[in-house]
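Single-structure report; data block below.
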Amino acid sequence: MDTETIARERIDRLCDLAREATVAGEDARARNYVRRARRIAERNRLRLPREFTRFTCDSCDAYLRPGLNARVRTRDGHVVVTCDCGEQARYPYD
Amino acid sequence: MPLTPETLPRHELVGLDARVRAGANPDLLGIEGCVVTETTKTLGLQGADRVRHVPKEGTTFEFTLSSGEVVTVEGRRLVARPARRTEKSGDSKWR
């Protein structure tokens with residue numbers, strides 16, 4: 001199997017693992033998984049899945065679980081996600 | 001077709017159940033648990049009370065895939081930076 005397919009699968013796996021780790025309260029571990037997924041995408045020049053970009057913090061690499069370590073607010077025309085670290089991310093309704 | 005025995009040395013190891021089958025260090029024999037961390041030269045296995053770091057070099061690991069298959073890999077084949085392992089390890093010589 002070619003490298004690109006494996007890299008994509010690794011990113012998906014790490015995304016799931018980061019979510020499970022966050023739910024289990026292992027925040028540091030989840031951060032490491034998120035960082036590794038980003039690194040793999042970078043090395044293989046792959047775009048990160050939308051689910052991944054929306055549910056991770058750009059600033060502290062935390063995997064975001066709304067209600068647990070993130071606040072989600074709907075505003076006029078866009079959604080605002082605030083991480084516990086204070087970083088805000090916005091994305092449009094679509 | 002995620003994670004088959006052929007792709008295992010190049011795939012994500014975190015999340016798999018692993019066991020130390022043979023190794024240069026007899027104290028490590030039989031350590032088992034879910035892989036939680038990986039560095040260039042070690043794997044961290046989640047034990048009952050703590051994470052045990054096992055060197056890859058000189059150790060033989062047994063990984064259990066989600067399909068139930070058990071794959072034995074020489075740790076030497078896994079020595080690489082975690083993100084680079086996908087590109088580096090060429091043809092698999094799994095047994």
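In the structure tokens, the first chain shown is A, the next is B, and so on; residue numbers restart at 1 for each chain, and ligands run from 1 in the order shown.
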When the cut-off is 7 Å and we count only C-alpha atoms, which residues of chain A are near chain B, given as a compact mmCIF listing (two decimals) with all heavy atoms, in the first residue's frame?
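Here's the written file out_8.txt:
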# COMPACT_ATOMS: atom_id res chain seq x y z
N THR A 3 2.31 5.09 0.58
CA THR A 3 2.53 5.88 1.78
C THR A 3 1.39 6.83 2.09
O THR A 3 1.00 7.02 3.23
CB THR A 3 3.83 6.70 1.60
OG1 THR A 3 4.85 5.78 1.22
CG2 THR A 3 4.21 7.39 2.86
N ILE A 6 -1.57 5.17 3.84
CA ILE A 6 -1.25 4.86 5.24
C ILE A 6 -1.25 6.13 6.06
O ILE A 6 -1.78 6.16 7.17
CB ILE A 6 0.12 4.15 5.33
CG1 ILE A 6 0.04 2.79 4.64
CG2 ILE A 6 0.54 3.99 6.78
CD1 ILE A 6 1.31 2.01 4.68
N ALA A 7 -0.69 7.20 5.50
CA ALA A 7 -0.65 8.47 6.24
C ALA A 7 -2.06 8.95 6.55
O ALA A 7 -2.36 9.38 7.66
CB ALA A 7 0.11 9.51 5.43
N GLU A 9 -4.76 7.14 6.84
CA GLU A 9 -5.34 6.26 7.86
C GLU A 9 -4.77 6.57 9.24
O GLU A 9 -5.48 6.55 10.24
CB GLU A 9 -5.06 4.79 7.51
CG GLU A 9 -5.91 4.29 6.38
CD GLU A 9 -5.54 2.89 5.95
OE1 GLU A 9 -4.66 2.27 6.60
OE2 GLU A 9 -6.13 2.41 4.97
N ARG A 10 -3.47 6.87 9.28
CA ARG A 10 -2.87 7.20 10.57
C ARG A 10 -3.51 8.46 11.15
O ARG A 10 -3.79 8.54 12.35
CB ARG A 10 -1.37 7.45 10.42
CG ARG A 10 -0.55 6.20 10.38
CD ARG A 10 0.93 6.50 10.42
NE ARG A 10 1.42 6.65 11.79
CZ ARG A 10 2.70 6.88 12.09
NH1 ARG A 10 3.58 6.99 11.14
NH2 ARG A 10 3.08 6.99 13.35
N ARG A 36 0.98 14.77 16.59
CA ARG A 36 1.52 13.76 15.67
C ARG A 36 0.73 13.73 14.37
O ARG A 36 1.32 13.65 13.29
CB ARG A 36 1.49 12.39 16.33
CG ARG A 36 2.01 11.32 15.40
CD ARG A 36 2.88 10.31 16.08
NE ARG A 36 3.83 10.93 16.99
CZ ARG A 36 4.30 10.33 18.08
NH1 ARG A 36 3.90 9.12 18.38
NH2 ARG A 36 5.16 10.94 18.85
N ARG A 39 1.75 16.58 12.26
CA ARG A 39 3.10 16.36 11.72
C ARG A 39 3.05 15.41 10.52
O ARG A 39 3.72 15.63 9.51
CB ARG A 39 3.98 15.77 12.83
CG ARG A 39 5.39 15.47 12.40
CD ARG A 39 6.20 16.74 12.24
NE ARG A 39 7.57 16.42 11.85
CZ ARG A 39 8.23 17.08 10.91
NH1 ARG A 39 7.65 18.08 10.27
NH2 ARG A 39 9.46 16.76 10.61
N ILE A 40 2.23 14.36 10.63
CA ILE A 40 2.13 13.40 9.52
C ILE A 40 1.52 14.08 8.30
O ILE A 40 2.00 13.91 7.18
CB ILE A 40 1.29 12.18 9.95
CG1 ILE A 40 2.03 11.38 11.00
CG2 ILE A 40 0.97 11.29 8.76
CD1 ILE A 40 1.21 10.31 11.67
Per DSSP on the backbone, what are the helix (DSSP H, G or I) residues of chain A, as a compact mmCIF listing (two decimals) with N, CA and C atoms, in the first residue's frame?
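Okay, this is what ended up in result.txt:
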# COMPACT_ATOMS: atom_id res chain seq x y z
N THR A 3 2.31 5.09 0.58
CA THR A 3 2.53 5.88 1.78
C THR A 3 1.39 6.83 2.09
N GLU A 4 0.82 7.41 1.01
CA GLU A 4 -0.22 8.41 1.23
C GLU A 4 -1.45 7.81 1.91
N THR A 5 -1.85 6.61 1.47
CA THR A 5 -3.01 5.96 2.08
C THR A 5 -2.76 5.68 3.55
N ILE A 6 -1.57 5.17 3.84
CA ILE A 6 -1.25 4.86 5.24
C ILE A 6 -1.25 6.13 6.06
N ALA A 7 -0.69 7.20 5.50
CA ALA A 7 -0.65 8.47 6.24
C ALA A 7 -2.06 8.95 6.55
N ARG A 8 -2.96 8.85 5.57
CA ARG A 8 -4.36 9.27 5.80
C ARG A 8 -5.00 8.43 6.91
N GLU A 9 -4.76 7.14 6.84
CA GLU A 9 -5.34 6.26 7.86
C GLU A 9 -4.77 6.57 9.24
N ARG A 10 -3.47 6.87 9.28
CA ARG A 10 -2.87 7.20 10.57
C ARG A 10 -3.51 8.46 11.15
N ILE A 11 -3.74 9.46 10.30
CA ILE A 11 -4.34 10.70 10.77
C ILE A 11 -5.74 10.43 11.33
N ASP A 12 -6.52 9.60 10.61
CA ASP A 12 -7.87 9.28 11.09
C ASP A 12 -7.81 8.54 12.43
N ARG A 13 -6.89 7.60 12.51
CA ARG A 13 -6.77 6.84 13.76
C ARG A 13 -6.39 7.76 14.91
N LEU A 14 -5.41 8.65 14.67
CA LEU A 14 -4.96 9.54 15.73
C LEU A 14 -6.07 10.49 16.16
N CYS A 15 -6.91 10.88 15.20
CA CYS A 15 -8.05 11.75 15.51
C CYS A 15 -8.98 11.03 16.50
N ASP A 16 -9.31 9.77 16.21
CA ASP A 16 -10.17 9.00 17.10
C ASP A 16 -9.52 8.80 18.47
N LEU A 17 -8.22 8.48 18.44
CA LEU A 17 -7.51 8.23 19.70
C LEU A 17 -7.47 9.49 20.56
N ALA A 18 -7.28 10.65 19.90
CA ALA A 18 -7.24 11.91 20.65
C ALA A 18 -8.59 12.18 21.30
N ARG A 19 -9.67 11.86 20.58
CA ARG A 19 -11.00 12.06 21.16
C ARG A 19 -11.18 11.17 22.38
N GLU A 20 -10.82 9.89 22.23
CA GLU A 20 -10.98 8.97 23.36
C GLU A 20 -10.14 9.41 24.56
N ALA A 21 -8.91 9.86 24.28
CA ALA A 21 -8.02 10.28 25.36
C ALA A 21 -8.60 11.49 26.09
N THR A 22 -9.20 12.42 25.34
CA THR A 22 -9.79 13.60 25.97
C THR A 22 -10.97 13.21 26.85
N VAL A 23 -11.81 12.31 26.33
CA VAL A 23 -12.96 11.85 27.11
C VAL A 23 -12.49 11.17 28.39
N ASP A 27 -5.53 14.64 28.92
CA ASP A 27 -5.37 15.78 28.02
C ASP A 27 -4.01 15.83 27.35
N ALA A 28 -2.96 15.56 28.12
CA ALA A 28 -1.60 15.65 27.57
C ALA A 28 -1.42 14.63 26.45
N ARG A 29 -1.97 13.44 26.69
CA ARG A 29 -1.86 12.39 25.69
C ARG A 29 -2.61 12.77 24.42
N ALA A 30 -3.79 13.34 24.59
CA ALA A 30 -4.58 13.77 23.43
C ALA A 30 -3.81 14.81 22.63
N ARG A 31 -3.15 15.74 23.33
CA ARG A 31 -2.35 16.76 22.63
C ARG A 31 -1.26 16.12 21.80
N ASN A 32 -0.60 15.13 22.39
CA ASN A 32 0.47 14.46 21.64
C ASN A 32 -0.08 13.81 20.38
N TYR A 33 -1.26 13.21 20.45
CA TYR A 33 -1.85 12.56 19.28
C TYR A 33 -2.19 13.60 18.22
N VAL A 34 -2.74 14.73 18.67
CA VAL A 34 -3.09 15.79 17.71
C VAL A 34 -1.84 16.31 17.02
N ARG A 35 -0.78 16.52 17.82
CA ARG A 35 0.48 17.04 17.23
C ARG A 35 1.04 16.04 16.24
N ARG A 36 0.98 14.77 16.59
CA ARG A 36 1.52 13.76 15.67
C ARG A 36 0.73 13.73 14.37
N ALA A 37 -0.59 13.81 14.47
CA ALA A 37 -1.42 13.81 13.25
C ALA A 37 -1.06 15.01 12.38
N ARG A 38 -0.87 16.19 13.01
CA ARG A 38 -0.50 17.38 12.24
C ARG A 38 0.83 17.17 11.54
N ARG A 39 1.75 16.58 12.26
CA ARG A 39 3.10 16.36 11.72
C ARG A 39 3.05 15.41 10.52
N ILE A 40 2.23 14.36 10.63
CA ILE A 40 2.13 13.40 9.52
C ILE A 40 1.52 14.08 8.30
N ALA A 41 0.50 14.90 8.52
CA ALA A 41 -0.12 15.62 7.41
C ALA A 41 0.89 16.55 6.74
N GLU A 42 1.68 17.21 7.59
CA GLU A 42 2.68 18.15 7.08
C GLU A 42 3.73 17.42 6.24
N ARG A 43 4.21 16.31 6.77
CA ARG A 43 5.27 15.59 6.06
C ARG A 43 4.79 15.02 4.74
N ASN A 44 3.52 14.58 4.70
CA ASN A 44 3.02 13.95 3.48
C ASN A 44 2.21 14.90 2.60
N ARG A 50 -11.78 17.81 7.74
CA ARG A 50 -12.49 18.95 8.31
C ARG A 50 -12.83 18.71 9.78
N GLU A 51 -13.22 17.48 10.08
CA GLU A 51 -13.56 17.15 11.47
C GLU A 51 -12.38 17.47 12.39
N PHE A 52 -11.19 17.16 11.89
CA PHE A 52 -9.98 17.39 12.69
C PHE A 52 -9.73 18.87 12.92
N THR A 53 -9.82 19.68 11.85
CA THR A 53 -9.53 21.10 12.01
C THR A 53 -10.57 21.80 12.88
N ARG A 54 -11.82 21.32 12.82
CA ARG A 54 -12.87 21.98 13.61
C ARG A 54 -12.79 21.61 15.07
Margin query: Just list as a list of chain:residue names whatever in segment 22-73 of chain B DSSP marks as strand (DSSP E or B).
Written below: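 Strand (DSSP E or B) assignments inside segment 22-73 of chain B correspond to B:Ala22, B:Gly23, B:Glu32, B:Gly33, B:Cys34, B:Val35, B:Val36, B:Thr37, B:Glu38, B:Thr42, B:Leu43, B:Gly44, B:Leu45, B:Gln46, B:Val51, B:Arg52, B:His53, B:Val54, B:Pro55, B:Thr59, B:Thr60, B:Phe61, B:Glu62, B:Phe63, B:Thr64, B:Val70, B:Val71, B:Thr72, B:Val73.
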Next item on the list: Between atom CA of Asp49 of chain B and atom CA of Asp27 of chain B, measure the distance and give it in Å to one decimal.
Entry: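 If I compute the distance from atom CA of Asp49 of chain B to atom CA of Asp27 of chain B, I get 17.1 Å.
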Next item on the list: Find the residues near segment 84-89 of chain A: any atom within 12 Å, counting only C-alpha atoms, skip ones fewer than 2 places away on the same chain, and give them as a VMD selection string.
Entry: chain A and resid 27 53 to 74 78 to 82 91 to 92
Next item on the list: Return the single residue from B:Gly58, B:Pro5, B:Gly47, B:Pro26 that is closest to Val70 of chain B, with distances computed using only C-alpha atoms.
Entry: B:Pro5
Margin query: Between atom CA of Gln46 of chain B and atom CA of Met1 of chain A, what is the distance in Å, rounded to a tenth?
Written below: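 Atom CA of Gln46 of chain B sits 29.6 Å away from atom CA of Met1 of chain A.
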Next item on the list: Find the residues near Leu43 of chain B: any atom within 10 Å, counting only C-alpha atoms, skip ones fewer than 4 places away on the same chain, and give them as a VMD selection string.
Entry: chain B and resid 13 to 14 18 35 to 39 51 to 56 75 78 to 79
For the selection just defined, write its residues with all heavy atoms to a file, as a short mmCIF file (atom, residue, chain, number, x, y, z; two decimals), in the first residue's frame.
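As a result, part.cif now contains:
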data_model
loop_
_atom_site.label_atom_id
_atom_site.label_comp_id
_atom_site.auth_asym_id
_atom_site.auth_seq_id
_atom_site.Cartn_x
_atom_site.Cartn_y
_atom_site.Cartn_z
N LEU B 13 0.89 2.73 15.66
CA LEU B 13 0.92 1.65 16.65
C LEU B 13 0.13 2.00 17.89
O LEU B 13 -0.33 1.12 18.62
CB LEU B 13 2.37 1.35 17.05
CG LEU B 13 3.29 0.94 15.90
CD1 LEU B 13 4.72 0.82 16.40
CD2 LEU B 13 2.83 -0.37 15.29
N VAL B 14 -0.05 3.31 18.13
CA VAL B 14 -0.79 3.74 19.31
C VAL B 14 -2.21 3.18 19.23
O VAL B 14 -2.84 3.23 18.19
CB VAL B 14 -0.81 5.27 19.41
CG1 VAL B 14 -1.77 5.73 20.48
CG2 VAL B 14 0.58 5.79 19.69
N ALA B 18 -0.22 -4.68 22.79
CA ALA B 18 1.09 -5.25 22.46
C ALA B 18 1.62 -6.05 23.64
O ALA B 18 1.22 -5.85 24.80
CB ALA B 18 2.07 -4.15 22.10
N VAL B 35 -0.65 0.23 23.63
CA VAL B 35 0.39 1.20 23.32
C VAL B 35 -0.19 2.61 23.47
O VAL B 35 -1.23 2.91 22.89
CB VAL B 35 0.91 1.02 21.88
CG1 VAL B 35 2.03 2.00 21.57
CG2 VAL B 35 1.39 -0.41 21.66
N VAL B 36 0.44 3.45 24.28
CA VAL B 36 -0.09 4.81 24.45
C VAL B 36 0.86 5.89 23.94
O VAL B 36 0.41 6.97 23.57
CB VAL B 36 -0.49 5.11 25.91
CG1 VAL B 36 -1.72 4.33 26.28
CG2 VAL B 36 0.64 4.82 26.86
N THR B 37 2.16 5.63 23.95
CA THR B 37 3.06 6.64 23.42
C THR B 37 4.13 5.96 22.59
O THR B 37 4.40 4.78 22.75
CB THR B 37 3.79 7.44 24.53
OG1 THR B 37 4.67 6.56 25.23
CG2 THR B 37 2.84 8.08 25.47
N GLU B 38 4.72 6.75 21.70
CA GLU B 38 5.81 6.23 20.90
C GLU B 38 6.87 7.31 20.77
O GLU B 38 6.54 8.47 20.54
CB GLU B 38 5.30 5.84 19.51
CG GLU B 38 6.38 5.24 18.64
CD GLU B 38 5.92 4.98 17.22
OE1 GLU B 38 4.72 5.13 16.94
OE2 GLU B 38 6.77 4.61 16.40
N THR B 39 8.13 6.93 20.94
CA THR B 39 9.23 7.83 20.63
C THR B 39 10.09 7.12 19.59
O THR B 39 9.78 6.00 19.18
CB THR B 39 10.07 8.16 21.87
OG1 THR B 39 10.71 6.97 22.32
CG2 THR B 39 9.23 8.73 22.98
N VAL B 51 2.66 3.63 32.92
CA VAL B 51 3.08 3.39 31.55
C VAL B 51 4.50 2.85 31.57
O VAL B 51 5.39 3.45 32.19
CB VAL B 51 3.03 4.70 30.72
CG1 VAL B 51 3.53 4.45 29.31
CG2 VAL B 51 1.61 5.24 30.69
N ARG B 52 4.71 1.71 30.92
CA ARG B 52 6.04 1.12 30.89
C ARG B 52 6.68 1.39 29.54
O ARG B 52 6.10 1.07 28.51
CB ARG B 52 5.96 -0.39 31.13
CG ARG B 52 5.59 -0.73 32.55
CD ARG B 52 5.16 -2.17 32.66
NE ARG B 52 4.73 -2.47 34.02
CZ ARG B 52 5.57 -2.84 34.98
NH1 ARG B 52 6.85 -2.97 34.73
NH2 ARG B 52 5.12 -3.07 36.20
N HIS B 53 7.86 1.99 29.56
CA HIS B 53 8.56 2.30 28.32
C HIS B 53 9.51 1.17 27.98
O HIS B 53 10.35 0.79 28.79
CB HIS B 53 9.32 3.62 28.46
CG HIS B 53 8.38 4.79 28.53
ND1 HIS B 53 8.03 5.52 27.43
CD2 HIS B 53 7.67 5.31 29.56
CE1 HIS B 53 7.17 6.46 27.78
NE2 HIS B 53 6.93 6.35 29.06
N VAL B 54 9.33 0.64 26.80
CA VAL B 54 10.13 -0.51 26.36
C VAL B 54 10.94 -0.09 25.14
O VAL B 54 10.40 0.47 24.20
CB VAL B 54 9.20 -1.68 25.96
CG1 VAL B 54 10.01 -2.90 25.56
CG2 VAL B 54 8.24 -2.02 27.10
N PRO B 55 12.26 -0.33 25.17
CA PRO B 55 13.06 0.01 23.99
C PRO B 55 12.67 -0.85 22.80
O PRO B 55 12.36 -2.03 22.95
CB PRO B 55 14.50 -0.27 24.42
CG PRO B 55 14.39 -1.18 25.58
CD PRO B 55 13.08 -0.90 26.25
N LYS B 56 12.66 -0.25 21.61
CA LYS B 56 12.31 -1.02 20.40
C LYS B 56 13.47 -1.91 19.99
O LYS B 56 13.28 -3.06 19.64
CB LYS B 56 12.00 -0.06 19.26
CG LYS B 56 10.76 0.77 19.43
CD LYS B 56 10.67 1.77 18.27
CE LYS B 56 9.45 2.65 18.37
NZ LYS B 56 9.48 3.70 17.34
N GLY B 75 11.42 -5.35 16.96
CA GLY B 75 11.42 -3.94 17.32
C GLY B 75 12.36 -3.12 16.47
O GLY B 75 12.13 -1.94 16.22
N LEU B 78 11.00 -1.05 13.81
CA LEU B 78 10.15 0.10 14.17
C LEU B 78 10.97 1.32 14.58
O LEU B 78 10.41 2.37 14.88
CB LEU B 78 9.23 -0.29 15.33
CG LEU B 78 8.36 -1.53 15.10
CD1 LEU B 78 7.63 -1.89 16.37
CD2 LEU B 78 7.39 -1.29 13.97
N VAL B 79 12.29 1.16 14.64
CA VAL B 79 13.12 2.28 15.09
C VAL B 79 13.12 3.38 14.03
O VAL B 79 13.68 3.22 12.96
CB VAL B 79 14.57 1.82 15.39
CG1 VAL B 79 15.43 3.01 15.76
CG2 VAL B 79 14.58 0.80 16.50
#
Margin query: Can you measure atom CA of Gly25 of chain A to atom CA of Val20 of chain B for me? One decimal in Å is fine.
Written below: 27.3 Å
